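So the structure is just underneath, and the comments pick up after that.
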Amino acid sequence: MQPTPTFVLVHGAFANSFSFAPLQAELGLLGHRSVAVDLPGHGFGASYHRAYQAPQDPEGLAAAPGSIRGVTLADNAAHLIGVLERAKQNGPVILVAHSRGGITATAAANARPDLIDRIVYVAAWAPVDLEVGGYYAEPEMAKVDAASLSLALAGNPAELGLLRVNFRTADPAALAALKAAFLADGTDEQFLTFLNTFQPDENLDVGTSADRAQAATWGRIPKTFVRLADDASLPLPMQDRLIREGDTLTPDNPYDVRTLDGSHLKWLVDPAPAARVLGDIAALTVTA
């Protein structure tokens, strides 16, 4: 009997392991084992200040220090590799990354492909031809609303050494922009619930050209890209471009491509379809 794969789940920007709780419940009910990772400065390692509570102190929030200051992509990758090493002791590992978490997953895959039996990007960054920042200037990202975060920005990132967003804002314009970017197909209640699982701080380091996918290491790992058809944060044309670039880099190891309906966060709010897709992917990994 072949060992059961372990899903290792990596969150996106401003998120944490808590985001995956509904998905993990669905995976568990389908008989799958999973581990949700908190990258450094996330989860219970995040900074929350009294200034972030109600009533808020905007000036205090804009100036308060944050534990994620100075955290690098290398720190994130090293932490993830430590989790992968432990998970690998129990059998095959399927690394699942969402959104910005794809940058960390790619860095870990470049460094330790031996720890990963399959890598799954769910509308996640898998940079090949450009650094992640460079993609934002490309035509595929032209319709992304850059104001969705800036309307709720708190403090100066250069001074704080981190990116801070006030997700507890009551500004109608900021809330509308955030909902349109991340969960346009959810109810207002679902959106506010998810928003309250976010943490205010994120690190600034998204890597360099050295952190792009490398054919000799990352390229050896079987890989899946789960497209989110209605994603306004990482639009479908950009998702498809990342798939094409990955396939060009490793033509003998192309992406297995799946598609889910919904926005950037809908698959986590309504996780049953995603759990079934991941279950199918697990079956591929066991029989490979």
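Following the order of the structure tokens, chains are lettered A, B, ..., residues in each are numbered from 1, and ligands are numbered from 1.
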
Can you list, as a PyMOL selection string, every residue of range 144-190 of chain A that DSSP puts in strand (DSSP E or B)?
chain A and resi 153+163-165

Every residue of range 135-209 of chain A that DSSP places in helix (DSSP H, G or I), as a PyMOL selection string
chain A and resi 135+139-141+147-150+157-160+172-182+188-195+209

Considering only C-alpha atoms, can you say which of A:Ile103, A:Ala215, A:Ala283, A:Met238 comes closest to Glu138 in chain A?
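The answer is A:Met238, which sits nearest to Glu138 in chain A.
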
Considering only C-alpha atoms, state which residue in the set A:Arg220, A:Leu278, A:Pro139, A:Val269 is at the smallest distance from Pro251 in chain A.
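Smallest distance to Pro251 in chain A is found for A:Arg220.
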
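Within 9 Å of Gly155 in chain A, once only C-alpha atoms are used and residues closer than 3 positions along the same chain are dropped, the contacting residues are Pro58, Glu59, Leu61, Ala62, Ala63, Ala64, Ala158, Glu159, Leu160, Leu163, Arg164 and Val165 of chain A.
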
Nearest-residue call for Ala142 in chain A, choices A:Gly219, A:Gly45, A:Pro254, A:Pro237, using only C-alpha atoms
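The closest residue to Ala142 in chain A is A:Pro237.
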
Restricting the calculation to only C-alpha atoms, which member of A:Val132, A:Val10, A:Ile119, A:Ala46 is positioned closest to Ala77 in chain A?
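For Ala77 in chain A, the nearest of the given residues is A:Val10.
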
In Å, with one decimal, what is the gap from CA of Asn253 in chain A to CA of Tyr135 in chain A?
23.2 Å

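In terms of minimum interatomic distance to Gly134 in chain A, A:Val206 ranks closest within A:Val206, A:Ala51, A:Ala147, A:Val277, counting only C-alpha atoms.
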
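Distances to Gln214 in chain A were evaluated for A:Gly60, A:Pro113, A:Pro273, A:Gly262 using only C-alpha atoms, and the minimum falls at A:Pro113.
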
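Using only C-alpha atoms, the residues found no farther than 6 Å from range 11-13 of chain A, other than those of its own chain fewer than 6 positions away, are His98, Ser99, Arg100 and Gly101 of chain A.
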
Export of the given selection (all heavy atoms) as an mmCIF file, in the first residue's frame:
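Here's the written file out_35.cif:
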data_model
loop_
_atom_site.group_PDB
_atom_site.id
_atom_site.type_symbol
_atom_site.label_atom_id
_atom_site.label_comp_id
_atom_site.auth_asym_id
_atom_site.auth_seq_id
_atom_site.Cartn_x
_atom_site.Cartn_y
_atom_site.Cartn_z
ATOM 1 N N HIS A 98 -0.827 29.564 -2.896
ATOM 2 C CA HIS A 98 -1.827 30.499 -3.385
ATOM 3 C C HIS A 98 -1.213 31.888 -3.498
ATOM 4 O O HIS A 98 -0.484 32.330 -2.606
ATOM 5 C CB HIS A 98 -3.016 30.551 -2.410
ATOM 6 C CG HIS A 98 -4.098 31.498 -2.803
ATOM 7 N ND1 HIS A 98 -4.718 32.344 -1.909
ATOM 8 C CD2 HIS A 98 -4.676 31.756 -4.012
ATOM 9 C CE1 HIS A 98 -5.638 33.056 -2.538
ATOM 10 N NE2 HIS A 98 -5.632 32.730 -3.806
ATOM 11 N N SER A 99 -1.493 32.567 -4.598
ATOM 12 C CA SER A 99 -1.171 33.973 -4.748
ATOM 13 C C SER A 99 0.318 34.234 -4.522
ATOM 14 O O SER A 99 1.171 33.596 -5.133
ATOM 15 C CB SER A 99 -2.049 34.790 -3.788
ATOM 16 O OG SER A 99 -2.023 36.159 -4.074
ATOM 17 N N ARG A 100 0.663 35.146 -3.617
ATOM 18 C CA ARG A 100 2.065 35.488 -3.350
ATOM 19 C C ARG A 100 2.839 34.309 -2.775
ATOM 20 O O ARG A 100 4.062 34.258 -2.851
ATOM 21 C CB ARG A 100 2.107 36.675 -2.382
ATOM 22 C CG ARG A 100 3.448 37.402 -2.285
ATOM 23 C CD ARG A 100 3.295 38.564 -1.318
ATOM 24 N NE ARG A 100 4.360 39.541 -1.388
ATOM 25 C CZ ARG A 100 5.285 39.701 -0.443
ATOM 26 N NH1 ARG A 100 5.294 38.912 0.611
ATOM 27 N NH2 ARG A 100 6.192 40.650 -0.562
ATOM 28 N N GLY A 101 2.126 33.341 -2.199
ATOM 29 C CA GLY A 101 2.788 32.156 -1.683
ATOM 30 C C GLY A 101 3.526 31.380 -2.752
ATOM 31 O O GLY A 101 4.443 30.598 -2.451
#
